[in-house]
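J.: My structure is stored as target_2.cif, with mmCIF, C-alpha atoms and all ligand atoms.
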```cif
data_my_file
loop_
_atom_site.label_atom_id
_atom_site.label_comp_id
_atom_site.auth_asym_id
_atom_site.auth_seq_id
_atom_site.Cartn_x
_atom_site.Cartn_y
_atom_site.Cartn_z
CA MET A 234 4.80 20.46 -3.39
CA GLY A 235 7.56 18.71 -1.41
CA PRO A 236 7.53 15.14 -0.13
CA GLY A 237 5.56 14.55 3.02
CA ARG A 238 3.04 17.29 2.26
CA LEU A 239 -0.49 16.12 2.90
CA VAL A 240 -2.84 16.00 -0.08
CA CYS A 241 -6.39 15.15 0.84
CA TYR A 242 -9.88 15.99 -0.13
CA ARG A 243 -13.24 15.62 1.50
CA GLN A 244 -15.64 13.09 0.03
CA VAL A 245 -18.85 12.44 1.90
CA SER A 246 -20.78 9.28 1.12
CA ALA A 247 -24.54 9.56 0.70
CA SER A 248 -25.02 6.23 2.44
CA ARG A 249 -23.82 7.42 5.85
CA MET A 250 -26.00 6.19 8.65
CA ALA A 251 -26.00 6.93 12.32
CA ILE A 252 -26.54 4.36 15.03
CA ALA A 253 -25.89 4.77 18.72
CA SER A 254 -24.74 1.84 20.76
CA ALA A 255 -22.35 1.12 23.58
CA ALA A 256 -20.87 -2.13 22.30
CA LEU A 257 -20.51 -3.16 18.67
CA PHE A 258 -19.32 -6.39 17.13
CA VAL A 259 -19.01 -8.16 13.79
CA GLY A 260 -18.27 -11.76 12.83
CA LEU A 261 -14.97 -12.17 11.04
CA ASN A 262 -16.01 -15.03 8.76
CA ASN A 263 -18.22 -12.83 6.60
CA PRO A 264 -16.31 -9.69 5.62
CA LYS A 265 -18.19 -7.01 3.66
CA LYS A 266 -16.82 -7.00 0.12
CA ARG A 267 -16.59 -3.82 -1.95
CA SER A 268 -17.61 -4.00 -5.57
CA PRO A 269 -14.89 -3.32 -8.20
CA ALA A 270 -16.50 0.06 -8.86
CA GLU A 271 -16.40 0.93 -5.17
CA THR A 272 -12.80 -0.19 -4.96
CA MET A 273 -11.92 2.16 -7.81
CA THR A 274 -13.22 5.08 -5.78
CA THR A 275 -11.07 4.34 -2.71
CA GLN A 276 -7.82 6.21 -2.32
CA GLN A 277 -5.50 3.84 -4.09
CA ASP A 278 -2.45 5.92 -3.31
CA VAL A 279 -2.92 5.31 0.41
CA GLN A 280 -0.72 2.58 1.86
CA ILE A 281 -1.60 0.68 5.02
CA ARG A 282 1.50 -0.32 6.99
CA ILE A 283 2.63 -1.20 10.49
CA LEU A 284 2.90 1.82 12.77
CA ASP A 285 6.40 2.84 13.89
CA THR A 286 7.59 4.88 16.86
CA VAL A 287 8.65 7.62 14.39
CA ASP A 288 4.92 8.05 13.64
CA ILE A 289 4.11 9.21 17.18
CA GLY A 290 4.38 12.89 16.16
CA ALA A 291 2.03 12.40 13.20
CA VAL A 292 -0.52 10.52 15.33
CA THR A 293 -0.29 13.28 17.97
CA ASP A 294 -1.02 15.86 15.25
CA ILE A 295 -4.03 13.92 13.91
CA ASP A 296 -5.40 13.58 17.45
CA GLU A 297 -4.91 17.32 18.01
CA LYS A 298 -6.78 18.10 14.77
CA ILE A 299 -9.65 15.84 15.88
CA THR A 300 -9.85 16.67 19.59
CA GLY A 301 -8.13 20.05 19.86
CA ARG A 302 -5.81 18.58 22.51
CA TYR A 303 -2.01 18.29 22.10
CA ARG A 304 -0.97 15.13 24.00
CA PRO A 305 2.48 13.90 22.86
CA GLU A 306 3.31 12.03 26.10
CA GLU A 307 -0.06 10.31 26.09
CA TRP A 308 0.47 9.05 22.50
CA GLU A 309 4.02 7.97 23.22
CA ARG A 310 2.75 5.88 26.13
CA ARG A 311 -0.27 4.55 24.25
CA ILE A 312 1.57 3.58 21.06
CA ALA A 313 4.39 1.93 23.04
CA TYR A 314 1.72 -0.10 24.88
CA TYR A 315 0.04 -1.37 21.69
CA MET A 316 3.31 -2.01 19.87
CA ARG A 317 4.47 -4.11 22.82
CA ARG A 318 1.21 -6.10 22.95
CA ASP A 319 0.90 -6.78 19.20
CA PRO A 320 3.00 -4.71 16.79
CA ASP A 321 1.08 -6.02 13.76
CA ALA A 322 -2.18 -4.65 15.18
CA ALA A 323 -0.87 -1.06 15.27
CA LEU A 324 -1.49 0.32 11.77
CA ALA A 325 -0.81 3.56 9.95
CA ALA A 326 -2.30 4.85 6.69
CA GLU A 327 0.32 6.72 4.70
CA ARG A 328 -0.10 8.93 1.69
CA GLY A 329 2.64 10.81 -0.08
CA GLY A 330 5.01 10.14 2.82
CA ALA A 331 2.60 11.54 5.42
CA VAL A 332 0.61 9.58 8.00
CA VAL A 333 -3.08 10.35 7.44
CA GLY A 334 -4.67 7.79 9.77
CA PHE A 335 -4.03 5.12 12.38
CA MET A 336 -5.79 2.24 14.11
CA LEU A 337 -4.76 0.34 17.23
CA GLY A 338 -6.10 -2.91 18.59
CA GLU A 339 -5.29 -6.44 19.72
CA VAL A 340 -6.69 -9.95 20.07
CA ARG A 341 -7.70 -11.05 23.56
CA ALA A 342 -9.68 -13.96 24.97
CA GLY A 343 -11.28 -14.81 28.28
CA GLU A 344 -12.43 -11.31 29.20
CA PHE A 345 -15.92 -10.11 30.09
CA GLY A 346 -17.12 -13.72 29.89
CA LEU A 347 -16.13 -13.86 26.21
CA GLU A 348 -14.12 -17.03 25.80
CA GLU A 349 -13.56 -16.83 22.03
CA PRO A 350 -10.46 -15.02 20.73
CA THR A 351 -11.78 -11.54 20.00
CA GLY A 352 -10.16 -8.76 18.01
CA TRP A 353 -10.65 -5.42 19.75
CA ILE A 354 -10.46 -2.12 17.85
CA GLU A 355 -9.56 0.35 20.55
CA VAL A 356 -8.18 3.60 19.12
CA LEU A 357 -8.58 5.10 15.66
CA GLY A 358 -8.24 8.39 13.87
CA VAL A 359 -8.17 9.73 10.33
CA ASP A 360 -6.88 13.22 9.56
CA PRO A 361 -10.01 15.42 9.31
CA ASP A 362 -8.77 16.74 5.94
CA CYS A 363 -8.77 13.16 4.64
CA GLN A 364 -11.96 11.78 6.17
CA GLY A 365 -14.62 10.35 3.88
CA GLY A 366 -12.08 8.84 1.48
CA ALA A 367 -12.18 5.20 2.64
CA ILE A 368 -8.98 5.46 4.70
CA GLY A 369 -10.76 4.33 7.87
CA ARG A 370 -12.32 1.44 5.96
CA ARG A 371 -8.97 0.32 4.60
CA LEU A 372 -7.36 0.51 8.05
CA ALA A 373 -10.21 -1.57 9.49
CA GLU A 374 -10.03 -4.14 6.69
CA SER A 375 -6.30 -4.60 7.27
CA LEU A 376 -6.75 -4.89 11.02
CA LEU A 377 -9.61 -7.38 10.66
CA GLU A 378 -7.46 -9.46 8.32
CA HIS A 379 -4.72 -9.50 10.94
CA PHE A 380 -7.23 -10.50 13.62
CA ARG A 381 -8.32 -13.44 11.42
CA THR A 382 -4.74 -14.65 11.11
CA GLN A 383 -4.54 -14.54 14.91
CA GLY A 384 -7.52 -16.91 15.16
CA ALA A 385 -10.17 -14.34 16.07
CA THR A 386 -13.70 -15.07 14.90
CA THR A 387 -15.29 -11.86 16.17
CA VAL A 388 -14.20 -8.25 16.34
CA ARG A 389 -15.58 -5.88 18.94
CA THR A 390 -15.33 -2.24 19.88
CA LEU A 391 -16.95 0.19 22.31
CA VAL A 392 -18.39 3.50 21.15
CA ASP A 393 -19.69 6.29 23.34
CA GLU A 394 -23.39 6.71 22.63
CA THR A 395 -22.88 10.41 21.90
CA MET A 396 -20.41 9.63 19.09
CA ASP A 397 -22.78 9.07 16.20
CA ASP A 398 -20.01 9.54 13.64
CA ILE A 399 -17.90 6.67 14.92
CA ALA A 400 -20.98 4.49 15.40
CA GLY A 401 -21.98 5.29 11.80
CA PHE A 402 -18.53 4.35 10.60
CA PHE A 403 -18.63 0.96 12.33
CA GLY A 404 -22.21 0.41 11.17
CA SER A 405 -21.07 0.88 7.57
CA LEU A 406 -18.41 -1.75 8.17
CA GLY A 407 -21.05 -4.28 9.22
CA PHE A 408 -20.78 -3.91 13.00
CA GLU A 409 -23.99 -4.37 14.96
CA PRO A 410 -24.98 -3.47 18.51
CA ALA A 411 -23.73 -6.22 20.80
CA PRO A 412 -25.52 -7.84 23.72
CA LEU A 413 -22.84 -6.63 26.12
CA LYS A 414 -23.80 -3.99 28.64
CA PRO A 415 -21.20 -1.50 29.92
CA PHE A 416 -21.28 -0.57 33.63
CA VAL A 417 -19.48 2.40 35.15
CA LYS A 418 -18.96 3.87 38.64
CA THR A 419 -17.27 7.15 39.47
CA LEU A 420 -14.31 6.82 41.87
C1 LIG B 1 -14.49 7.42 12.15
C2 LIG B 1 -13.34 7.68 11.19
C3 LIG B 1 -12.14 6.82 11.57
C4 LIG B 1 -13.81 7.30 9.76
O1 LIG B 1 -12.71 7.40 8.88
P1 LIG B 1 -12.96 7.78 7.33
O2 LIG B 1 -11.71 7.52 6.59
O3 LIG B 1 -13.54 9.13 7.26
O4 LIG B 1 -14.08 6.72 6.95
P2 LIG B 1 -14.30 6.03 5.53
O5 LIG B 1 -14.25 7.07 4.47
O6 LIG B 1 -13.38 4.88 5.40
O7 LIG B 1 -15.78 5.52 5.66
C5 LIG B 1 -16.12 4.14 5.74
C6 LIG B 1 -17.61 4.03 5.91
O8 LIG B 1 -17.99 4.66 7.15
C7 LIG B 1 -18.97 5.65 6.90
N1 LIG B 1 -18.70 6.82 7.77
C8 LIG B 1 -17.52 7.44 7.91
N2 LIG B 1 -17.66 8.50 8.73
C9 LIG B 1 -18.97 8.53 9.08
C10 LIG B 1 -19.74 9.42 9.89
N3 LIG B 1 -19.21 10.50 10.48
N4 LIG B 1 -21.05 9.16 10.07
C11 LIG B 1 -21.63 8.09 9.48
N5 LIG B 1 -20.95 7.22 8.66
C12 LIG B 1 -19.63 7.45 8.47
C13 LIG B 1 -18.77 6.05 5.45
O9 LIG B 1 -19.96 6.56 4.87
C14 LIG B 1 -18.35 4.76 4.80
O10 LIG B 1 -19.47 3.98 4.47
P3 LIG B 1 -19.65 3.35 2.98
O11 LIG B 1 -18.33 2.70 2.65
O12 LIG B 1 -20.77 2.39 3.17
O13 LIG B 1 -19.94 4.52 2.11
C15 LIG B 1 -12.93 9.18 11.15
O14 LIG B 1 -14.06 9.95 10.84
C16 LIG B 1 -12.33 9.66 12.45
O15 LIG B 1 -11.11 9.59 12.64
N6 LIG B 1 -13.17 10.19 13.36
C17 LIG B 1 -12.68 10.67 14.63
C18 LIG B 1 -12.24 9.51 15.50
C19 LIG B 1 -11.90 9.96 16.91
O16 LIG B 1 -12.60 10.78 17.50
N7 LIG B 1 -10.83 9.38 17.45
C20 LIG B 1 -10.42 9.69 18.78
C21 LIG B 1 -9.31 10.67 18.81
S1 LIG B 1 -7.87 10.10 18.00
#
```
Please rewrite the model in this file as structure tokens.

T.:
Amino acid sequence: MGPGRLVCYRQVSASRMAIASAALFVGLNNPKKRSPAETMTTQQDVQIRILDTVDIGAVTDIDEKITGRYRPEEWERRIAYYMRRDPDAALAAERGGAVVGFMLGEVRAGEFGLEEPTGWIEVLGVDPDCQGGAIGRRLAESLLEHFRTQGATTVRTLVDETMDDIAGFFGSLGFEPAPLKPFVKTL
């Protein structure tokens, strides 16, 4: 098998739970620790690193595998936006030379009546062939660590109520439904 070929396996945790909520948050001063045994089971050959513009193609491919939509221009625009705002909050998970996941976010303050510096997780994706192997968890842990260094005390995200899988993922990471109500109006 040549370099860059993707090697992944599916591993589904028995402790998956589903919660549905519009806004989720977690305090950053009390990170969930994995036991040594749990750590052994994570994919140790996966590296978390800063995302680069050369990764746009790989991110586009992961998105296409997840959503069925091929959107290269959209990802070029989106990744350029996040890299401009905070390059250290645009992360890639790499394994065997191939990008197998990504997570984008940033720290903001003074929005939605939230004065404290808040880390926002805004876009994420793990290659469907690699899901269930703690890649999403490792991406989140790295991003949360970065948010801490930026002075954030809370991390927040928004999840569509129909997306039980993503809500379950954040629930496993210690996120809880937040007292923040989304409003929407069609234009
Ligand atoms: C959500 C997502 C990032 C999780 O990544 P992952 O690498 O599979 O997750 P992990 O293996 O790190 O799981 C971490 C925890 O979340 C839980 N979890 C993961 N997926 C879950 C699901 N579908 N339902 C419930 N819980 C889930 C795991 O059980 C695990 O909990 P544990 O550590 O207590 O056992 C991934 O499934 C994904 O990319 N989903 C699609 C995202 C999407 O639609 N993005 C928009 C387009 S790009």

J.: Could you give me, as a list in words, the residues that sit within 12 Å of (-22.1, -1.8, 32.7) in the file's coordinates, counting all atoms listed in the file?

T.: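 Answer for this query, in the requested form: Ala255, Ala256, Phe345, Leu391, Pro412, Leu413, Lys414, Pro415, Phe416, Val417 and Lys418 of chain A.
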
J.: From the options A:Gly260, A:Gly330, A:Gly338, A:Pro320, which residue's atoms come nearest to Phe408 (chain A), counting all atoms listed in the file?

T.: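 Counting all atoms listed in the file, the residue closest to Phe408 (chain A) is A:Gly260.
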
J.: Just want the residues within 7 Å of ligand LIG 1 (chain B), written as number ranges by chain, counting only C-alpha atoms and all ligand atoms.

T.: A: 245-251, 295-296, 299-300, 356-361, 363-371, 397-403, 405-406

J.: Would you mind reading off the distance between CA of Leu261 (chain A) and CA of Thr390 (chain A), one decimal, in Å?

T.: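 It comes out at 13.3 Å.
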
J.: Fewer than 6 positions away in the same chain doesn't count, so skip those; otherwise give me all residues within 10 Å of region 305-312 of chain A, counting only C-alpha atoms, as a count of residues only.

T.: 18

J.: Between A:Leu324, A:Val259, A:Leu347, A:Tyr303, which has the minimum distance to Ser375 (chain A) (counting only C-alpha atoms)?

T.: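 So, comparing all the options, the nearest one is A:Leu324.
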
J.: Provide the CA of Asn262 (chain A) to CA of Asp321 (chain A) distance in Å, to one decimal place.

T.: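 We find that CA of Asn262 (chain A) and CA of Asp321 (chain A) lie 20.0 Å from each other.
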
J.: Using only C-alpha atoms, find the one residue out of A:Asp362, A:Glu409, A:Glu349, A:Glu339 that sits nearest to Leu377 (chain A).

T.: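 Of A:Asp362, A:Glu409, A:Glu349, A:Glu339, the one nearest Leu377 (chain A), counting only C-alpha atoms, is A:Glu339.
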
J.: What is the CA of Val392 (chain A) to CA of Leu257 (chain A) distance in Å?

T.: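 Distance reported for this atom pair: 7.4 Å.
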
J.: Considering all atoms listed in the file, return as a ChimeraX atom specification whatever protein or nucleic-acid residues lie within 12 Å of Arg341 (chain A), sequence-local ones (same chain, fewer than 2 positions apart) excluded.

T.: /A:318-319,322,338-339,343-355,380,383-389

J.: Generate a file of the selected residues that holds C-alpha atoms, formatted as a compact mmCIF listing (two decimals), in the frame of the given file.

T.:
```txt
# COMPACT_ATOMS: atom_id res chain seq x y z
CA ARG A 318 1.21 -6.10 22.95
CA ASP A 319 0.90 -6.78 19.20
CA ALA A 322 -2.18 -4.65 15.18
CA GLY A 338 -6.10 -2.91 18.59
CA GLU A 339 -5.29 -6.44 19.72
CA GLY A 343 -11.28 -14.81 28.28
CA GLU A 344 -12.43 -11.31 29.20
CA PHE A 345 -15.92 -10.11 30.09
CA GLY A 346 -17.12 -13.72 29.89
CA LEU A 347 -16.13 -13.86 26.21
CA GLU A 348 -14.12 -17.03 25.80
CA GLU A 349 -13.56 -16.83 22.03
CA PRO A 350 -10.46 -15.02 20.73
CA THR A 351 -11.78 -11.54 20.00
CA GLY A 352 -10.16 -8.76 18.01
CA TRP A 353 -10.65 -5.42 19.75
CA ILE A 354 -10.46 -2.12 17.85
CA GLU A 355 -9.56 0.35 20.55
CA PHE A 380 -7.23 -10.50 13.62
CA GLN A 383 -4.54 -14.54 14.91
CA GLY A 384 -7.52 -16.91 15.16
CA ALA A 385 -10.17 -14.34 16.07
CA THR A 386 -13.70 -15.07 14.90
CA THR A 387 -15.29 -11.86 16.17
CA VAL A 388 -14.20 -8.25 16.34
CA ARG A 389 -15.58 -5.88 18.94
```

J.: What are the centre and edge lengths in Å, to one decimal, of the axis-aligned box around all listed atoms of region 365-384 of chain A with 4 Å added on each side, as AutoDock Vina command-line options?

T.:
```
--center_x -9.6 --center_y -3.3 --center_z 8.3 --size_x 18.1 --size_y 35.3 --size_z 21.7
```
